[in-house]
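S.K.: Just one file: target-v6.pdb, with PDB, C-alpha atoms.
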```pdb
ATOM      1  CA  MET A   1       5.870  -4.753  11.803
ATOM      2  CA  LEU A   2       9.377  -3.572  10.850
ATOM      3  CA  ASN A   3      10.829  -5.377  13.881
ATOM      4  CA  LYS A   4      10.288  -8.715  12.128
ATOM      5  CA  TYR A   5      13.051  -7.723   9.685
ATOM      6  CA  ARG A   6      15.612  -7.247  12.461
ATOM      7  CA  PRO A   7      17.051 -10.790  12.028
ATOM      8  CA  VAL A   8      17.789  -9.988   8.369
ATOM      9  CA  PHE A   9      20.043  -7.124   9.453
ATOM     10  CA  LYS A  10      21.582  -8.953  12.420
ATOM     11  CA  GLY A  11      24.912  -9.637  10.668
ATOM     12  CA  TYR A  12      25.245  -6.041   9.481
ATOM     13  CA  LEU A  13      24.461  -4.682  12.932
ATOM     14  CA  GLU A  14      27.017  -7.011  14.523
ATOM     15  CA  THR A  15      29.658  -5.842  12.026
ATOM     16  CA  ILE A  16      28.997  -2.241  13.051
ATOM     17  CA  VAL A  17      29.038  -2.873  16.824
ATOM     18  CA  ARG A  18      32.193  -5.006  16.990
ATOM     19  CA  PRO A  19      34.501  -1.958  16.833
ATOM     20  CA  LEU A  20      32.286  -0.199  19.382
ATOM     21  CA  ALA A  21      32.682  -3.158  21.729
ATOM     22  CA  LYS A  22      36.461  -3.086  21.239
ATOM     23  CA  ILE A  23      36.705   0.545  22.332
ATOM     24  CA  GLY A  24      34.663  -0.269  25.455
ATOM     25  CA  LEU A  25      31.381   1.470  24.624
ATOM     26  CA  THR A  26      28.591  -0.016  26.721
ATOM     27  CA  PRO A  27      25.045  -0.715  25.515
ATOM     28  CA  ASN A  28      23.625   1.807  28.012
ATOM     29  CA  GLN A  29      26.011   4.496  26.781
ATOM     30  CA  LEU A  30      24.889   3.788  23.231
ATOM     31  CA  THR A  31      21.248   4.043  24.356
ATOM     32  CA  VAL A  32      21.860   7.499  25.817
ATOM     33  CA  ILE A  33      23.801   8.596  22.713
ATOM     34  CA  GLY A  34      20.835   7.531  20.555
ATOM     35  CA  MET A  35      18.488   9.630  22.687
ATOM     36  CA  LEU A  36      20.804  12.643  22.471
ATOM     37  CA  ILE A  37      20.830  12.341  18.684
ATOM     38  CA  SER A  38      17.013  12.345  18.717
ATOM     39  CA  LEU A  39      17.107  15.461  20.877
ATOM     40  CA  LEU A  40      19.340  17.077  18.260
ATOM     41  CA  ALA A  41      16.713  16.199  15.636
ATOM     42  CA  THR A  42      14.148  17.833  17.924
ATOM     43  CA  TYR A  43      16.200  21.015  17.864
ATOM     44  CA  PHE A  44      16.284  20.936  14.053
ATOM     45  CA  PHE A  45      12.497  20.550  13.981
ATOM     46  CA  THR A  46      12.109  23.567  16.275
ATOM     47  CA  MET A  47      14.184  25.542  13.780
ATOM     48  CA  GLY A  48      11.980  24.351  10.879
ATOM     49  CA  GLU A  49      14.842  22.320   9.378
ATOM     50  CA  GLN A  50      12.786  19.254   8.474
ATOM     51  CA  ARG A  51      15.267  17.557   6.146
ATOM     52  CA  LEU A  52      18.150  17.996   8.558
ATOM     53  CA  ALA A  53      15.954  16.679  11.372
ATOM     54  CA  ALA A  54      15.007  13.663   9.231
ATOM     55  CA  LEU A  55      18.644  12.861   8.434
ATOM     56  CA  THR A  56      19.519  13.191  12.110
ATOM     57  CA  LEU A  57      16.645  10.842  13.035
ATOM     58  CA  ILE A  58      17.905   8.286  10.508
ATOM     59  CA  PHE A  59      21.293   8.330  12.221
ATOM     60  CA  GLY A  60      19.653   8.232  15.661
ATOM     61  CA  SER A  61      17.508   5.257  14.614
ATOM     62  CA  LEU A  62      20.603   3.370  13.526
ATOM     63  CA  VAL A  63      22.263   4.033  16.876
ATOM     64  CA  ASP A  64      19.042   2.981  18.625
ATOM     65  CA  ALA A  65      19.121  -0.319  16.733
ATOM     66  CA  LEU A  66      22.703  -0.957  17.797
ATOM     67  CA  ASP A  67      22.384  -0.910  21.595
ATOM     68  CA  GLY A  68      20.554  -4.224  21.827
ATOM     69  CA  THR A  69      22.948  -5.837  19.367
ATOM     70  CA  LEU A  70      25.917  -4.555  21.379
ATOM     71  CA  ALA A  71      24.347  -5.890  24.583
ATOM     72  CA  ARG A  72      23.840  -9.360  23.083
ATOM     73  CA  LEU A  73      27.270  -9.438  21.428
ATOM     74  CA  THR A  74      29.088  -8.470  24.638
ATOM     75  CA  ASP A  75      26.801 -10.558  26.866
ATOM     76  CA  ARG A  76      25.731  -7.409  28.719
ATOM     77  CA  THR A  77      21.968  -7.698  28.397
ATOM     78  CA  SER A  78      20.140  -6.611  31.507
ATOM     79  CA  ARG A  79      16.659  -5.784  32.681
ATOM     80  CA  PHE A  80      17.827  -2.274  33.503
ATOM     81  CA  GLY A  81      19.252  -1.890  29.986
ATOM     82  CA  ALA A  82      15.881  -2.852  28.506
ATOM     83  CA  PHE A  83      14.168  -0.426  30.898
ATOM     84  CA  LEU A  84      16.590   2.374  29.993
ATOM     85  CA  ASP A  85      16.090   1.710  26.273
ATOM     86  CA  SER A  86      12.317   1.840  26.621
ATOM     87  CA  THR A  87      12.490   4.997  28.725
ATOM     88  CA  THR A  88      14.787   6.835  26.330
ATOM     89  CA  ASP A  89      12.544   5.792  23.425
ATOM     90  CA  ARG A  90       9.614   7.530  25.158
ATOM     91  CA  VAL A  91      11.739  10.640  25.776
ATOM     92  CA  SER A  92      12.773  10.679  22.111
ATOM     93  CA  ASP A  93       9.222  10.163  20.834
ATOM     94  CA  GLY A  94       7.850  12.941  23.002
ATOM     95  CA  ALA A  95      10.697  15.316  22.220
ATOM     96  CA  VAL A  96      10.397  14.848  18.457
ATOM     97  CA  LEU A  97       6.658  15.554  18.457
ATOM     98  CA  PHE A  98       7.248  18.508  20.778
ATOM     99  CA  GLY A  99       9.914  19.876  18.432
ATOM    100  CA  ILE A 100       7.605  19.545  15.444
ATOM    101  CA  ALA A 101       4.833  21.416  17.259
ATOM    102  CA  TYR A 102       7.153  24.011  18.816
ATOM    103  CA  GLY A 103       8.626  24.701  15.394
ATOM    104  CA  GLY A 104       5.133  25.500  14.135
ATOM    105  CA  LEU A 105       5.220  22.604  11.679
ATOM    106  CA  VAL A 106       1.904  21.215  12.948
ATOM    107  CA  ASP A 107      -0.767  22.414  15.363
ATOM    108  CA  TRP A 108       0.238  21.517  18.934
ATOM    109  CA  LYS A 109      -3.163  19.879  19.578
ATOM    110  CA  ILE A 110      -2.580  17.417  16.735
ATOM    111  CA  ALA A 111       0.949  16.645  17.974
ATOM    112  CA  PHE A 112      -0.429  16.118  21.490
ATOM    113  CA  ILE A 113      -3.110  13.655  20.322
ATOM    114  CA  ALA A 114      -0.472  11.809  18.256
ATOM    115  CA  LEU A 115       1.761  11.676  21.334
ATOM    116  CA  ILE A 116      -1.003  10.257  23.514
ATOM    117  CA  GLY A 117      -1.713   7.565  20.910
ATOM    118  CA  SER A 118       1.973   6.724  20.597
ATOM    119  CA  TYR A 119       2.436   6.487  24.348
ATOM    120  CA  LEU A 120      -0.708   4.393  24.677
ATOM    121  CA  VAL A 121       0.648   1.859  22.187
ATOM    122  CA  SER A 122       3.785   1.416  24.300
ATOM    123  CA  TYR A 123       1.887   1.415  27.594
ATOM    124  CA  GLU A 124      -0.577  -1.229  26.407
ATOM    125  CA  ARG A 125       2.223  -3.561  25.389
ATOM    126  CA  CYS A 126       3.983  -3.172  28.721
ATOM    127  CA  ARG A 127       0.833  -3.477  30.815
ATOM    128  CA  ALA A 128      -0.568  -6.458  28.904
ATOM    129  CA  GLU A 129       2.742  -8.289  29.110
ATOM    130  CA  LEU A 130       2.896  -7.646  32.863
ATOM    131  CA  ALA A 131      -0.622  -9.058  33.112
ATOM    132  CA  GLY A 132       0.557 -12.260  31.442
ATOM    133  CA  SER A 133      -0.499 -11.859  27.805
ATOM    134  CA  GLY A 134       2.894 -12.793  26.393
ATOM    135  CA  THR A 135       4.570 -10.461  23.909
ATOM    136  CA  LEU A 136       1.987  -7.992  22.634
ATOM    137  CA  ALA A 137       3.926  -6.664  19.640
ATOM    138  CA  VAL A 138       0.842  -6.394  17.430
ATOM    139  CA  GLY A 139      -0.606  -3.577  15.380
ATOM    140  CA  ILE A 140       0.034  -1.713  12.165
ATOM    141  CA  ALA A 141       2.204   1.077  13.586
ATOM    142  CA  GLU A 142       4.705   0.191  16.243
ATOM    143  CA  ARG A 143       7.420   2.705  17.100
ATOM    144  CA  ALA A 144       9.633   1.906  14.103
ATOM    145  CA  GLU A 145       6.799   2.476  11.627
ATOM    146  CA  ARG A 146       5.738   5.734  13.268
ATOM    147  CA  LEU A 147       9.302   7.033  13.237
ATOM    148  CA  LEU A 148       9.769   6.011   9.606
ATOM    149  CA  ILE A 149       6.628   7.938   8.634
ATOM    150  CA  LEU A 150       7.947  11.077  10.330
ATOM    151  CA  ILE A 151      11.355  10.674   8.683
ATOM    152  CA  ILE A 152       9.981  10.164   5.176
ATOM    153  CA  THR A 153       7.509  13.027   5.364
ATOM    154  CA  ALA A 154      10.146  15.354   6.876
ATOM    155  CA  LEU A 155      12.490  14.550   3.992
ATOM    156  CA  PHE A 156       9.787  16.028   1.740
ATOM    157  CA  ASN A 157       9.250  19.000   4.117
ATOM    158  CA  ARG A 158       5.779  17.670   4.938
ATOM    159  CA  VAL A 159       6.203  16.387   8.473
ATOM    160  CA  ASP A 160       2.771  17.889   9.204
ATOM    161  CA  VAL A 161       1.246  15.174   7.028
ATOM    162  CA  GLY A 162       3.401  12.613   8.832
ATOM    163  CA  VAL A 163       2.087  13.696  12.230
ATOM    164  CA  TYR A 164      -1.508  13.297  11.032
ATOM    165  CA  ILE A 165      -0.689   9.818   9.690
ATOM    166  CA  VAL A 166       1.062   8.892  12.951
ATOM    167  CA  LEU A 167      -1.931  10.160  14.913
ATOM    168  CA  VAL A 168      -4.360   7.939  12.999
ATOM    169  CA  LEU A 169      -2.121   4.858  12.892
ATOM    170  CA  ALA A 170      -1.109   5.105  16.546
ATOM    171  CA  TRP A 171      -4.739   5.136  17.643
ATOM    172  CA  ILE A 172      -5.601   2.246  15.305
ATOM    173  CA  THR A 173      -2.669   0.315  16.778
ATOM    174  CA  ALA A 174      -3.836   1.153  20.305
ATOM    175  CA  PHE A 175      -7.271  -0.284  19.521
ATOM    176  CA  GLN A 176      -5.685  -3.353  17.885
ATOM    177  CA  ARG A 177      -3.643  -3.969  21.018
ATOM    178  CA  LEU A 178      -6.637  -3.417  23.254
ATOM    179  CA  TRP A 179      -8.613  -5.982  21.255
ATOM    180  CA  GLU A 180      -5.740  -8.496  21.269
ATOM    181  CA  ALA A 181      -5.172  -8.022  25.002
ATOM    182  CA  LYS A 182      -8.864  -8.600  25.658
ATOM    183  CA  LYS A 183      -8.722 -11.873  23.725
ATOM    184  CA  ARG A 184      -5.588 -13.049  25.515
ATOM    185  CA  LEU A 185      -6.472 -11.900  29.026
ATOM    186  CA  SER A 186     -10.196 -12.691  29.190
TER     187      SER A 186
END
```
Using structure tokens, write down the structure from this file.
M.R.:
Amino acid sequence: MLNKYRPVFKGYLETIVRPLAKIGLTPNQLTVIGMLISLLATYFFTMGEQRLAALTLIFGSLVDALDGTLARLTDRTSRFGAFLDSTTDRVSDGAVLFGIAYGGLVDWKIAFIALIGSYLVSYERCRAELAGSGTLAVGIAERAERLLILIITALFNRVDVGVYIVLVLAWITAFQRLWEAKKRLS
């Protein structure tokens, strides 16, 4: 849902990545840096520092948005880069929910069910696209929306509520994608 606004920010993102390109930073390096920032946010969640974790995730999300722009701007897009980006996104998603649960901010069983739903959303898109459905970027809570929910609720020291919302919306999105894939692939 939020991904449809990416073209609106294209010029701003390009302005930010031009200096990064000049110093020789590669898109894959930026992808790994974004993941490391998310892991830092995970640490803050484990320490119960929700607001600091949220601010760190905001910064990490910005970096995560820049790698693709840097790749396109420097003509360094690659299938491996897309694979690495997707893989590090899964690591970040899992780590953040782990950090929230490990920090005692939500029951681990709830975090685990939210994680399964979140992973299922990503898996369904990948699997359906491999099966020939075309781009399956449908549903009310793709990764950007789920991350935004966690950030906003953590800013108010209520990330527990955010995890419950993510849990529900991730599973709704998984069922939406399942339904859409059935229509396209039947």
S.K.: Could you pull the residues within 8 Å of stretch 157-172 of chain A, counting all atoms listed in the file, minus those fewer than 4 positions along the same chain, as a PyMOL selection string?
M.R.: chain A and resi 50-51+97+100+105-106+110-111+113-115+117-118+121+139-142+146+149-153+176
S.K.: With only C-alpha atoms as the atoms that count, which of A:Phe112, A:Phe59, A:Tyr123, A:Phe9 lies nearest to A:Thr87?
M.R.: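 That would be A:Tyr123, the residue with the smallest distance to A:Thr87.
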S.K.: Quick one, how far is atom CA of A:Leu120 from atom CA of A:Leu57?
M.R.: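 Going from atom CA of A:Leu120 over to atom CA of A:Leu57 covers 21.9 Å.
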S.K.: Pick from A:Trp108, A:Tyr102, A:Tyr119, A:Trp179: nearest to A:Met47, with only C-alpha atoms counted?
M.R.: A:Tyr102
S.K.: Just how far from atom CA of A:Gly60 is atom CA of A:Ser122, in Å to one decimal?
M.R.: 19.3 Å
S.K.: List the residues matched by the PyMOL selection byres ((chain A and resi 182) around 12) in the displayed structure as a compact mmCIF listing (two decimals) with C-alpha atoms, in the frame of the given file, ordered by chain and then by residue number.
M.R.:
```txt
# COMPACT_ATOMS: atom_id res chain seq x y z
CA GLU A 124 -0.58 -1.23 26.41
CA ALA A 128 -0.57 -6.46 28.90
CA ALA A 131 -0.62 -9.06 33.11
CA GLY A 132 0.56 -12.26 31.44
CA SER A 133 -0.50 -11.86 27.80
CA LEU A 136 1.99 -7.99 22.63
CA PHE A 175 -7.27 -0.28 19.52
CA GLN A 176 -5.68 -3.35 17.89
CA ARG A 177 -3.64 -3.97 21.02
CA LEU A 178 -6.64 -3.42 23.25
CA TRP A 179 -8.61 -5.98 21.26
CA GLU A 180 -5.74 -8.50 21.27
CA ALA A 181 -5.17 -8.02 25.00
CA LYS A 183 -8.72 -11.87 23.72
CA ARG A 184 -5.59 -13.05 25.52
CA LEU A 185 -6.47 -11.90 29.03
CA SER A 186 -10.20 -12.69 29.19
```
S.K.: Determine the residue membership of the PyMOL selection byres ((chain A and resi 52) around 12) for the file above and supply it as a ChimeraX atom specification.
M.R.: /A:37-38,40-51,53-59,151-152,154-157
S.K.: For stretch 89-157 of chain A versus stretch 29-34 of chain A, which residues have an atom no more than 12 Å away, and what is each residue's nearest atom pair and distance in Å rounded to one decimal, using all atoms listed in the file, chain-then-number order, as a tab-separated table?
M.R.:
```
residue	atom	partner	partner_atom	distance
A:Asp89	CA	A:Thr31	CA	8.9
A:Val91	CA	A:Val32	CA	10.6
A:Ser92	CA	A:Gly34	CA	8.8
A:Asp93	CA	A:Gly34	CA	11.9
```
S.K.: For atom CA of A:Leu62 and atom CA of A:Ala174, determine how far apart the two atoms are, in Å to one decimal place.
M.R.: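 Computing it gives 25.5 Å between the two atoms.
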S.K.: Hey, which of A:Gly94, A:Leu36, A:Arg79, A:Leu73 ends up closest to A:Pro19? Count all atoms listed in the file.
M.R.: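 Ranked by minimum distance to A:Pro19, first place goes to A:Leu73.
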S.K.: With distances taken over only C-alpha atoms, which residue among A:Ile16, A:Ile116, A:Met35, A:Ala82 lies nearest A:Gly68?
M.R.: A:Ala82
S.K.: When the PyMOL selection byres ((chain A and resi 17) around 12) is applied to the structure above, which residues does it catch, written out as number ranges by chain?
M.R.: A: 10-16, 18-27, 30, 62-74
S.K.: Centre and edge lengths of an axis-aligned box around all listed atoms of stretch 134-138 of chain A, with 8 Å added on each side, are to be given in Å to one decimal, as JSON.
M.R.:
```
{"center_x": 2.7, "center_y": -9.6, "center_z": 21.9, "size_x": 19.7, "size_y": 22.4, "size_z": 25.0}
```
